[in-house]
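Next comes my_file-v9.csv, a file with CSV, N, CA and C atoms.
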chain,number,residue,atom,x,y,z
A,30,MET,N,-41.6,0.2,-6.4
A,30,MET,CA,-40.3,-0.3,-6.0
A,30,MET,C,-39.9,0.2,-4.6
A,31,LYS,N,-39.5,-0.7,-3.8
A,31,LYS,CA,-39.1,-0.3,-2.4
A,31,LYS,C,-37.7,0.3,-2.4
A,32,ILE,N,-37.6,1.4,-1.8
A,32,ILE,CA,-36.2,2.0,-1.6
A,32,ILE,C,-35.5,1.3,-0.5
A,33,VAL,N,-34.3,0.8,-0.9
A,33,VAL,CA,-33.4,0.1,0.0
A,33,VAL,C,-32.5,1.1,0.7
A,34,THR,N,-32.5,1.0,2.1
A,34,THR,CA,-31.5,1.9,2.8
A,34,THR,C,-30.5,1.0,3.5
A,35,LEU,N,-29.3,1.4,3.6
A,35,LEU,CA,-28.3,0.7,4.3
A,35,LEU,C,-28.7,0.5,5.8
A,36,GLU,N,-29.2,1.5,6.4
A,36,GLU,CA,-29.6,1.5,7.8
A,36,GLU,C,-30.6,0.4,8.1
A,37,GLU,N,-31.6,0.3,7.2
A,37,GLU,CA,-32.7,-0.8,7.4
A,37,GLU,C,-32.1,-2.1,7.2
A,38,ASN,N,-31.2,-2.3,6.2
A,38,ASN,CA,-30.6,-3.6,6.0
A,38,ASN,C,-29.6,-4.0,7.1
A,39,ILE,N,-28.9,-3.0,7.6
A,39,ILE,CA,-28.0,-3.3,8.8
A,39,ILE,C,-28.9,-3.7,10.0
A,40,ALA,N,-30.0,-3.1,10.2
A,40,ALA,CA,-30.9,-3.5,11.3
A,40,ALA,C,-31.4,-4.9,11.1
A,41,LYS,N,-31.7,-5.3,9.8
A,41,LYS,CA,-32.1,-6.7,9.6
A,41,LYS,C,-31.0,-7.7,9.8
A,42,LEU,N,-29.8,-7.3,9.4
A,42,LEU,CA,-28.6,-8.2,9.6
A,42,LEU,C,-28.4,-8.4,11.1
A,43,LYS,N,-28.6,-7.4,11.9
A,43,LYS,CA,-28.4,-7.5,13.4
A,43,LYS,C,-29.5,-8.3,14.0
A,44,ASN,N,-30.7,-7.9,13.7
A,44,ASN,CA,-31.9,-8.5,14.4
A,44,ASN,C,-32.4,-9.8,13.9
A,45,ILE,N,-32.4,-10.0,12.6
A,45,ILE,CA,-32.8,-11.3,12.0
A,45,ILE,C,-31.7,-12.3,11.9
A,46,TYR,N,-30.6,-11.8,11.3
A,46,TYR,CA,-29.5,-12.8,11.0
A,46,TYR,C,-28.4,-12.8,12.1
A,47,LYS,N,-28.6,-12.0,13.2
A,47,LYS,CA,-27.7,-12.0,14.4
A,47,LYS,C,-26.3,-11.7,14.1
A,48,MET,N,-26.0,-10.8,13.2
A,48,MET,CA,-24.6,-10.4,12.9
A,48,MET,C,-24.2,-9.4,13.9
A,49,SER,N,-22.9,-9.5,14.3
A,49,SER,CA,-22.4,-8.5,15.2
A,49,SER,C,-21.9,-7.2,14.5
A,50,ASP,N,-21.7,-6.2,15.2
A,50,ASP,CA,-21.2,-4.9,14.6
A,50,ASP,C,-19.9,-5.2,14.0
A,51,ASP,N,-19.0,-6.0,14.6
A,51,ASP,CA,-17.7,-6.3,14.1
A,51,ASP,C,-17.8,-6.9,12.7
A,52,VAL,N,-18.6,-7.9,12.6
A,52,VAL,CA,-18.8,-8.6,11.3
A,52,VAL,C,-19.4,-7.6,10.2
A,53,ILE,N,-20.4,-6.9,10.6
A,53,ILE,CA,-21.0,-5.9,9.7
A,53,ILE,C,-19.9,-4.9,9.2
A,54,ASN,N,-19.1,-4.4,10.1
A,54,ASN,CA,-18.1,-3.4,9.7
A,54,ASN,C,-17.0,-4.1,8.8
A,55,LYS,N,-16.7,-5.3,9.1
A,55,LYS,CA,-15.7,-6.0,8.3
A,55,LYS,C,-16.3,-6.2,6.9
A,56,ILE,N,-17.5,-6.6,6.8
A,56,ILE,CA,-18.1,-6.8,5.4
A,56,ILE,C,-18.3,-5.5,4.6
A,57,PHE,N,-18.8,-4.5,5.3
A,57,PHE,CA,-19.1,-3.3,4.5
A,57,PHE,C,-18.0,-2.2,4.4
A,58,TYR,N,-17.1,-2.2,5.4
A,58,TYR,CA,-16.2,-1.1,5.4
A,58,TYR,C,-14.7,-1.4,5.4
A,59,THR,N,-14.4,-2.6,5.0
A,59,THR,CA,-13.0,-3.0,4.8
A,59,THR,C,-12.6,-2.8,3.4
A,60,ASN,N,-11.3,-2.6,3.1
A,60,ASN,CA,-10.8,-2.4,1.8
A,60,ASN,C,-10.3,-3.7,1.1
A,61,HIS,N,-10.5,-4.8,1.8
A,61,HIS,CA,-10.1,-6.1,1.3
A,61,HIS,C,-10.8,-6.4,-0.1
A,62,LYS,N,-10.1,-6.9,-1.0
A,62,LYS,CA,-10.6,-7.1,-2.4
A,62,LYS,C,-11.8,-8.0,-2.4
A,63,MET,N,-11.9,-8.9,-1.4
A,63,MET,CA,-13.1,-9.8,-1.4
A,63,MET,C,-14.4,-9.0,-1.3
A,64,TYR,N,-14.3,-7.9,-0.6
A,64,TYR,CA,-15.5,-7.1,-0.3
A,64,TYR,C,-15.6,-5.8,-1.2
A,65,HIS,N,-15.6,-6.0,-2.5
A,65,HIS,CA,-15.5,-4.9,-3.4
A,65,HIS,C,-16.9,-4.3,-3.8
A,66,THR,N,-17.9,-4.9,-3.3
A,66,THR,CA,-19.3,-4.4,-3.7
A,66,THR,C,-19.7,-3.3,-2.7
A,67,HIS,N,-20.4,-2.3,-3.3
A,67,HIS,CA,-20.8,-1.1,-2.5
A,67,HIS,C,-21.7,-1.6,-1.3
A,68,PRO,N,-21.5,-0.9,-0.1
A,68,PRO,CA,-22.2,-1.4,1.1
A,68,PRO,C,-23.8,-1.5,0.9
A,69,ILE,N,-24.4,-0.6,0.1
A,69,ILE,CA,-25.8,-0.7,0.0
A,69,ILE,C,-26.2,-2.0,-0.9
A,70,GLU,N,-25.4,-2.2,-1.9
A,70,GLU,CA,-25.6,-3.4,-2.7
A,70,GLU,C,-25.4,-4.7,-1.9
A,71,MET,N,-24.3,-4.7,-1.2
A,71,MET,CA,-23.9,-5.9,-0.4
A,71,MET,C,-25.0,-6.1,0.7
A,72,SER,N,-25.5,-5.1,1.3
A,72,SER,CA,-26.6,-5.2,2.3
A,72,SER,C,-27.9,-5.8,1.7
A,73,ALA,N,-28.1,-5.3,0.5
A,73,ALA,CA,-29.3,-5.8,-0.2
A,73,ALA,C,-29.2,-7.3,-0.6
A,74,PHE,N,-28.0,-7.7,-1.0
A,74,PHE,CA,-27.7,-9.2,-1.3
A,74,PHE,C,-27.9,-10.0,0.0
A,75,LEU,N,-27.4,-9.5,1.1
A,75,LEU,CA,-27.4,-10.3,2.4
A,75,LEU,C,-28.8,-10.3,3.0
A,76,THR,N,-29.7,-9.3,2.7
A,76,THR,CA,-31.0,-9.3,3.3
A,76,THR,C,-32.1,-9.8,2.4
A,77,ALA,N,-31.8,-9.9,1.1
A,77,ALA,CA,-32.8,-10.4,0.2
A,77,ALA,C,-32.6,-11.9,-0.2
A,78,VAL,N,-32.8,-12.7,0.8
A,78,VAL,CA,-32.6,-14.1,0.6
A,78,VAL,C,-33.9,-14.9,0.4
A,79,ASP,N,-34.8,-14.2,-0.3
A,79,ASP,CA,-36.1,-14.8,-0.6
A,79,ASP,C,-36.2,-15.4,-2.0
A,80,PHE,N,-35.0,-16.0,-2.4
A,80,PHE,CA,-35.0,-16.6,-3.7
A,80,PHE,C,-35.2,-18.1,-3.6
A,81,ASP,N,-35.5,-18.7,-4.7
A,81,ASP,CA,-35.6,-20.1,-4.8
A,81,ASP,C,-34.2,-20.8,-4.9
A,82,GLU,N,-33.9,-21.5,-3.9
A,82,GLU,CA,-32.5,-22.1,-3.8
A,82,GLU,C,-32.2,-23.0,-5.0
A,83,GLU,N,-33.1,-23.8,-5.4
A,83,GLU,CA,-32.8,-24.7,-6.6
A,83,GLU,C,-32.7,-23.9,-7.9
A,84,GLN,N,-33.5,-22.9,-8.0
A,84,GLN,CA,-33.3,-22.0,-9.2
A,84,GLN,C,-32.0,-21.3,-9.2
A,85,ARG,N,-31.6,-20.8,-8.1
A,85,ARG,CA,-30.3,-20.1,-7.9
A,85,ARG,C,-29.2,-21.0,-8.3
A,86,LEU,N,-29.3,-22.3,-7.8
A,86,LEU,CA,-28.2,-23.3,-8.1
A,86,LEU,C,-28.2,-23.5,-9.6
A,87,CYS,N,-29.3,-23.6,-10.3
A,87,CYS,CA,-29.3,-23.8,-11.7
A,87,CYS,C,-28.7,-22.6,-12.4
A,88,SER,N,-28.9,-21.4,-11.9
A,88,SER,CA,-28.3,-20.2,-12.5
A,88,SER,C,-26.8,-20.2,-12.4
A,89,ILE,N,-26.3,-20.7,-11.3
A,89,ILE,CA,-24.9,-20.8,-11.1
A,89,ILE,C,-24.3,-21.8,-12.0
A,90,ILE,N,-24.9,-23.0,-12.1
A,90,ILE,CA,-24.5,-24.0,-13.0
A,90,ILE,C,-24.4,-23.5,-14.5
A,91,GLU,N,-25.5,-22.8,-14.9
A,91,GLU,CA,-25.5,-22.2,-16.2
A,91,GLU,C,-24.4,-21.1,-16.4
A,92,GLY,N,-24.1,-20.4,-15.3
A,92,GLY,CA,-23.1,-19.4,-15.4
A,92,GLY,C,-21.7,-20.0,-15.6
A,93,LEU,N,-21.5,-21.1,-14.8
A,93,LEU,CA,-20.2,-21.8,-15.0
A,93,LEU,C,-20.0,-22.4,-16.4
A,94,HIS,N,-21.2,-22.9,-16.9
A,94,HIS,CA,-21.2,-23.4,-18.3
A,94,HIS,C,-21.0,-22.3,-19.3
A,95,ARG,N,-21.8,-21.3,-19.2
A,95,ARG,CA,-21.8,-20.2,-20.2
A,95,ARG,C,-20.5,-19.4,-20.2
A,96,ASP,N,-20.2,-18.9,-19.0
A,96,ASP,CA,-19.2,-17.9,-18.9
A,96,ASP,C,-17.7,-18.4,-18.8
A,97,ILE,N,-17.6,-19.6,-18.2
A,97,ILE,CA,-16.2,-20.2,-18.2
A,97,ILE,C,-16.1,-21.3,-19.3
A,98,GLY,N,-17.2,-21.9,-19.6
A,98,GLY,CA,-17.1,-22.9,-20.7
A,98,GLY,C,-16.9,-24.3,-20.1
A,99,LEU,N,-17.2,-24.5,-18.8
A,99,LEU,CA,-17.2,-25.9,-18.3
A,99,LEU,C,-18.4,-26.6,-18.9
A,100,SER,N,-18.1,-27.8,-19.4
A,100,SER,CA,-19.2,-28.5,-20.1
A,100,SER,C,-20.1,-29.1,-19.0
A,101,TYR,N,-21.3,-29.5,-19.4
A,101,TYR,CA,-22.2,-30.2,-18.5
A,101,TYR,C,-21.6,-31.5,-18.0
A,102,GLU,N,-20.8,-32.1,-18.9
A,102,GLU,CA,-20.1,-33.4,-18.6
A,102,GLU,C,-19.1,-33.1,-17.4
A,103,THR,N,-18.4,-32.1,-17.5
A,103,THR,CA,-17.4,-31.7,-16.5
A,103,THR,C,-18.1,-31.4,-15.2
A,104,LEU,N,-19.1,-30.6,-15.2
A,104,LEU,CA,-19.9,-30.2,-14.0
A,104,LEU,C,-20.5,-31.4,-13.4
A,105,ALA,N,-21.1,-32.3,-14.2
A,105,ALA,CA,-21.7,-33.6,-13.7
A,105,ALA,C,-20.6,-34.4,-13.0
A,106,ALA,N,-19.4,-34.5,-13.6
A,106,ALA,CA,-18.4,-35.3,-13.0
A,106,ALA,C,-18.0,-34.8,-11.7
A,107,TYR,N,-17.9,-33.5,-11.5
A,107,TYR,CA,-17.6,-32.9,-10.2
A,107,TYR,C,-18.7,-33.2,-9.2
A,108,CYS,N,-19.9,-33.3,-9.7
A,108,CYS,CA,-21.1,-33.6,-8.8
A,108,CYS,C,-21.3,-35.1,-8.6
A,109,GLU,N,-20.5,-35.9,-9.3
A,109,GLU,CA,-20.7,-37.4,-9.2
A,109,GLU,C,-22.1,-37.8,-9.6
A,110,ILE,N,-22.6,-37.2,-10.7
A,110,ILE,CA,-23.8,-37.7,-11.3
A,110,ILE,C,-23.6,-37.8,-12.8
A,111,THR,N,-24.6,-38.3,-13.5
A,111,THR,CA,-24.4,-38.4,-15.0
A,111,THR,C,-24.7,-37.1,-15.6
A,112,THR,N,-24.2,-36.9,-16.8
A,112,THR,CA,-24.6,-35.7,-17.6
A,112,THR,C,-26.1,-35.6,-17.8
A,113,GLU,N,-26.7,-36.7,-18.0
A,113,GLU,CA,-28.1,-36.7,-18.2
A,113,GLU,C,-28.9,-36.3,-17.0
A,114,GLU,N,-28.4,-36.7,-15.8
A,114,GLU,CA,-29.1,-36.3,-14.6
A,114,GLU,C,-28.9,-34.8,-14.4
A,115,LEU,N,-27.7,-34.2,-14.7
A,115,LEU,CA,-27.5,-32.8,-14.5
A,115,LEU,C,-28.5,-32.0,-15.5
A,116,GLU,N,-28.5,-32.5,-16.7
A,116,GLU,CA,-29.3,-31.8,-17.7
A,116,GLU,C,-30.8,-31.8,-17.3
A,117,GLU,N,-31.2,-33.0,-16.8
A,117,GLU,CA,-32.6,-33.1,-16.4
A,117,GLU,C,-32.9,-32.2,-15.2
A,118,PHE,N,-32.0,-32.1,-14.3
A,118,PHE,CA,-32.1,-31.3,-13.1
A,118,PHE,C,-32.3,-29.8,-13.5
A,119,LEU,N,-31.5,-29.4,-14.6
A,119,LEU,CA,-31.7,-28.0,-15.0
A,119,LEU,C,-33.0,-27.8,-15.6
A,120,ARG,N,-33.7,-28.8,-16.2
A,120,ARG,CA,-35.0,-28.6,-16.7
A,120,ARG,C,-36.1,-28.8,-15.7
A,121,ASN,N,-35.8,-29.7,-14.7
A,121,ASN,CA,-36.8,-30.0,-13.7
A,121,ASN,C,-36.1,-30.3,-12.4
A,122,GLN,N,-36.2,-29.3,-11.5
A,122,GLN,CA,-35.4,-29.5,-10.2
A,122,GLN,C,-36.0,-30.6,-9.3
A,123,GLU,N,-37.2,-31.1,-9.6
A,123,GLU,CA,-37.7,-32.2,-8.8
A,123,GLU,C,-37.2,-33.5,-9.2
A,124,SER,N,-36.4,-33.6,-10.3
A,124,SER,CA,-35.9,-34.9,-10.8
A,124,SER,C,-34.9,-35.6,-10.0
A,125,LEU,N,-34.3,-34.9,-9.0
A,125,LEU,CA,-33.3,-35.6,-8.1
A,125,LEU,C,-33.7,-35.6,-6.7
A,126,THR,N,-33.2,-36.5,-6.0
A,126,THR,CA,-33.4,-36.6,-4.5
A,126,THR,C,-32.8,-35.4,-3.8
A,127,ASP,N,-33.3,-35.2,-2.6
A,127,ASP,CA,-32.7,-34.1,-1.8
A,127,ASP,C,-31.2,-34.3,-1.5
A,128,LYS,N,-30.9,-35.6,-1.3
A,128,LYS,CA,-29.5,-35.9,-1.0
A,128,LYS,C,-28.6,-35.6,-2.2
A,129,LYS,N,-29.0,-35.9,-3.4
A,129,LYS,CA,-28.2,-35.5,-4.6
A,129,LYS,C,-28.2,-34.0,-4.8
A,130,LYS,N,-29.3,-33.4,-4.6
A,130,LYS,CA,-29.4,-31.9,-4.7
A,130,LYS,C,-28.4,-31.3,-3.7
A,131,PHE,N,-28.3,-31.8,-2.5
A,131,PHE,CA,-27.4,-31.2,-1.5
A,131,PHE,C,-25.9,-31.4,-2.0
A,132,LYS,N,-25.6,-32.6,-2.5
A,132,LYS,CA,-24.3,-32.8,-3.0
A,132,LYS,C,-23.9,-31.9,-4.2
A,133,ILE,N,-24.8,-31.8,-5.1
A,133,ILE,CA,-24.6,-30.9,-6.2
A,133,ILE,C,-24.4,-29.4,-5.7
A,134,ALA,N,-25.2,-29.0,-4.8
A,134,ALA,CA,-25.1,-27.6,-4.3
A,134,ALA,C,-23.8,-27.4,-3.7
A,135,VAL,N,-23.3,-28.3,-2.8
A,135,VAL,CA,-22.0,-28.1,-2.2
A,135,VAL,C,-20.9,-28.0,-3.2
A,136,ARG,N,-20.9,-28.9,-4.1
A,136,ARG,CA,-19.8,-29.0,-5.1
A,136,ARG,C,-19.9,-27.8,-6.1
A,137,ILE,N,-21.0,-27.5,-6.5
A,137,ILE,CA,-21.1,-26.3,-7.5
A,137,ILE,C,-20.8,-25.0,-6.8
A,138,MET,N,-21.2,-24.9,-5.5
A,138,MET,CA,-20.8,-23.6,-4.8
A,138,MET,C,-19.3,-23.6,-4.5
A,139,PHE,N,-18.7,-24.7,-4.3
A,139,PHE,CA,-17.2,-24.8,-4.2
A,139,PHE,C,-16.6,-24.3,-5.5
A,140,LEU,N,-17.0,-24.9,-6.6
A,140,LEU,CA,-16.5,-24.5,-7.9
A,140,LEU,C,-16.7,-23.0,-8.2
A,141,HIS,N,-17.9,-22.5,-7.9
A,141,HIS,CA,-18.2,-21.1,-8.0
A,141,HIS,C,-17.3,-20.2,-7.2
A,142,HIS,N,-17.0,-20.7,-6.0
A,142,HIS,CA,-16.1,-19.9,-5.1
A,142,HIS,C,-14.7,-19.9,-5.7
A,143,VAL,N,-14.2,-21.0,-6.1
A,143,VAL,CA,-12.8,-21.1,-6.6
A,143,VAL,C,-12.7,-20.3,-7.9
A,144,LEU,N,-13.7,-20.4,-8.7
A,144,LEU,CA,-13.6,-19.8,-10.1
A,144,LEU,C,-14.2,-18.4,-10.2
A,145,LYS,N,-14.8,-17.9,-9.2
A,145,LYS,CA,-15.5,-16.6,-9.4
A,145,LYS,C,-14.7,-15.5,-9.9
A,146,GLU,N,-13.4,-15.4,-9.7
A,146,GLU,CA,-12.6,-14.4,-10.2
A,146,GLU,C,-12.4,-14.5,-11.7
A,147,LYS,N,-12.7,-15.7,-12.3
A,147,LYS,CA,-12.4,-16.0,-13.7
A,147,LYS,C,-13.6,-15.7,-14.6
A,148,TYR,N,-14.7,-15.3,-14.1
A,148,TYR,CA,-15.8,-15.0,-15.0
A,148,TYR,C,-16.6,-13.8,-14.4
A,149,PRO,N,-17.3,-13.1,-15.2
A,149,PRO,CA,-18.0,-11.9,-14.7
A,149,PRO,C,-19.2,-12.3,-13.9
A,150,THR,N,-19.3,-11.6,-12.8
A,150,THR,CA,-20.6,-11.7,-12.0
A,150,THR,C,-21.0,-10.3,-11.7
A,151,GLU,N,-22.2,-10.1,-11.1
A,151,GLU,CA,-22.7,-8.7,-10.9
A,151,GLU,C,-21.7,-7.9,-10.1
A,152,GLY,N,-20.9,-8.5,-9.2
A,152,GLY,CA,-20.1,-7.7,-8.4
A,152,GLY,C,-18.7,-7.4,-8.9
A,153,ASN,N,-18.3,-8.0,-10.1
A,153,ASN,CA,-17.0,-7.7,-10.6
A,153,ASN,C,-16.9,-7.3,-12.1
A,154,ILE,N,-18.0,-6.9,-12.6
A,154,ILE,CA,-18.0,-6.5,-14.0
A,154,ILE,C,-17.4,-5.1,-14.1
A,155,GLU,N,-16.4,-4.9,-14.9
A,155,GLU,CA,-15.7,-3.6,-15.0
A,155,GLU,C,-16.5,-2.7,-16.0
A,156,ASP,N,-16.6,-1.5,-15.6
A,156,ASP,CA,-17.3,-0.5,-16.5
A,156,ASP,C,-16.5,-0.1,-17.7
Would you write the structure of this file as structure tokens?
Amino acid sequence: MKIVTLEENIAKLKNIYKMSDDVINKIFYTNHKMYHTHPIEMSAFLTAVDFDEEQRLCSIIEGLHRDIGLSYETLAAYCEITTEELEEFLRNQESLTDKKKFKIAVRIMFLHHVLKEKYPTEGNIED
């Protein structure tokens, strides 16, 4: 297991993702409630973007369904697809065109952003 250091991740954010010192300081060292995650965890989230985007989208859809109780029918309606198309996408991400995947991603991420305070995520689970 690789040990993650804040310094290495900040270097990646500067050199690879071209973030300025001002942005890095705002993200890691502000007391704003939006940035409640520990700096090392936040830096790991921001530098570990080697995940499968479609699988991540499915995980967010499942979280909205499981943790908030939004039905697949409701989620599909927001995405302007049929419930069957959404359920098939969850089983097989290759079942939809890239255009439909993009539309789903934008709308699901909007819902996730709006509703994130209403369900537990890794960054806001109370001990």
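Of the listed residues (A:Ser49, A:Ser88, A:Thr59, A:Thr76), A:Ser88 comes nearest to Phe118 (chain A); the distances count only C-alpha atoms.
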**OP:** Find the residues near Ile133 (chain A): any atom within 6.5 Å, counting all atoms listed in the file, skip ones fewer than 5 places away on the same chain, and give them as a VMD selection string.
**Re:** chain A and resid 108 128 138
**OP:** Could you please write out, as a ChimeraX atom specification, every residue of chain A that DSSP assigns to alpha helix (DSSP H)?
**Re:** /A:35-44,50-58,68-76,82-92,101-108,112-120,127-144
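Going from CA of Asp127 (chain A) to CA of Thr111 (chain A) covers 16.2 Å.
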Glu113 (chain A) surroundings by only C-alpha atoms, 12 Å radius, close-in-sequence under 3 positions cut, as an mmCIF file with N, CA and C atoms, keeping the file's coordinate frame:
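What follows is the written file result07.cif:
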data_model
loop_
_atom_site.group_PDB
_atom_site.id
_atom_site.type_symbol
_atom_site.label_atom_id
_atom_site.label_comp_id
_atom_site.auth_asym_id
_atom_site.auth_seq_id
_atom_site.Cartn_x
_atom_site.Cartn_y
_atom_site.Cartn_z
ATOM 1 N N TYR A 101 -21.300 -29.500 -19.400
ATOM 2 C CA TYR A 101 -22.200 -30.200 -18.500
ATOM 3 C C TYR A 101 -21.600 -31.500 -18.000
ATOM 4 N N GLU A 102 -20.800 -32.100 -18.900
ATOM 5 C CA GLU A 102 -20.100 -33.400 -18.600
ATOM 6 C C GLU A 102 -19.100 -33.100 -17.400
ATOM 7 N N THR A 103 -18.400 -32.100 -17.500
ATOM 8 C CA THR A 103 -17.400 -31.700 -16.500
ATOM 9 C C THR A 103 -18.100 -31.400 -15.200
ATOM 10 N N LEU A 104 -19.100 -30.600 -15.200
ATOM 11 C CA LEU A 104 -19.900 -30.200 -14.000
ATOM 12 C C LEU A 104 -20.500 -31.400 -13.400
ATOM 13 N N ALA A 105 -21.100 -32.300 -14.200
ATOM 14 C CA ALA A 105 -21.700 -33.600 -13.700
ATOM 15 C C ALA A 105 -20.600 -34.400 -13.000
ATOM 16 N N ALA A 106 -19.400 -34.500 -13.600
ATOM 17 C CA ALA A 106 -18.400 -35.300 -13.000
ATOM 18 C C ALA A 106 -18.000 -34.800 -11.700
ATOM 19 N N GLU A 109 -20.500 -35.900 -9.300
ATOM 20 C CA GLU A 109 -20.700 -37.400 -9.200
ATOM 21 C C GLU A 109 -22.100 -37.800 -9.600
ATOM 22 N N ILE A 110 -22.600 -37.200 -10.700
ATOM 23 C CA ILE A 110 -23.800 -37.700 -11.300
ATOM 24 C C ILE A 110 -23.600 -37.800 -12.800
ATOM 25 N N GLU A 116 -28.500 -32.500 -16.700
ATOM 26 C CA GLU A 116 -29.300 -31.800 -17.700
ATOM 27 C C GLU A 116 -30.800 -31.800 -17.300
ATOM 28 N N GLU A 117 -31.200 -33.000 -16.800
ATOM 29 C CA GLU A 117 -32.600 -33.100 -16.400
ATOM 30 C C GLU A 117 -32.900 -32.200 -15.200
ATOM 31 N N PHE A 118 -32.000 -32.100 -14.300
ATOM 32 C CA PHE A 118 -32.100 -31.300 -13.100
ATOM 33 C C PHE A 118 -32.300 -29.800 -13.500
ATOM 34 N N LEU A 119 -31.500 -29.400 -14.600
ATOM 35 C CA LEU A 119 -31.700 -28.000 -15.000
ATOM 36 C C LEU A 119 -33.000 -27.800 -15.600
ATOM 37 N N ARG A 120 -33.700 -28.800 -16.200
ATOM 38 C CA ARG A 120 -35.000 -28.600 -16.700
ATOM 39 C C ARG A 120 -36.100 -28.800 -15.700
ATOM 40 N N ASN A 121 -35.800 -29.700 -14.700
ATOM 41 C CA ASN A 121 -36.800 -30.000 -13.700
ATOM 42 C C ASN A 121 -36.100 -30.300 -12.400
ATOM 43 N N SER A 124 -36.400 -33.600 -10.300
ATOM 44 C CA SER A 124 -35.900 -34.900 -10.800
ATOM 45 C C SER A 124 -34.900 -35.600 -10.000
ATOM 46 N N LEU A 125 -34.300 -34.900 -9.000
ATOM 47 C CA LEU A 125 -33.300 -35.600 -8.100
ATOM 48 C C LEU A 125 -33.700 -35.600 -6.700
#
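Put simply, CA of Leu93 (chain A) is 8.8 Å away from CA of Ile137 (chain A).
The gap separating CA of Leu86 (chain A) from CA of Leu99 (chain A) is 15.2 Å, in Å to one decimal.
The residue that comes closest to Met71 (chain A), out of A:Asn44, A:Ser100, A:Asn38, A:Gln84 and on the basis of only C-alpha atoms, is A:Asn38.
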**OP:** Determine, counting only C-alpha atoms, which protein, DNA and RNA residues have an atom within 12 Å of an atom of Thr34 (chain A); residues of the same chain fewer than 6 positions away are not included. Present the result as a PyMOL selection string.
**Re:** chain A and resi 40-41+68-73+76
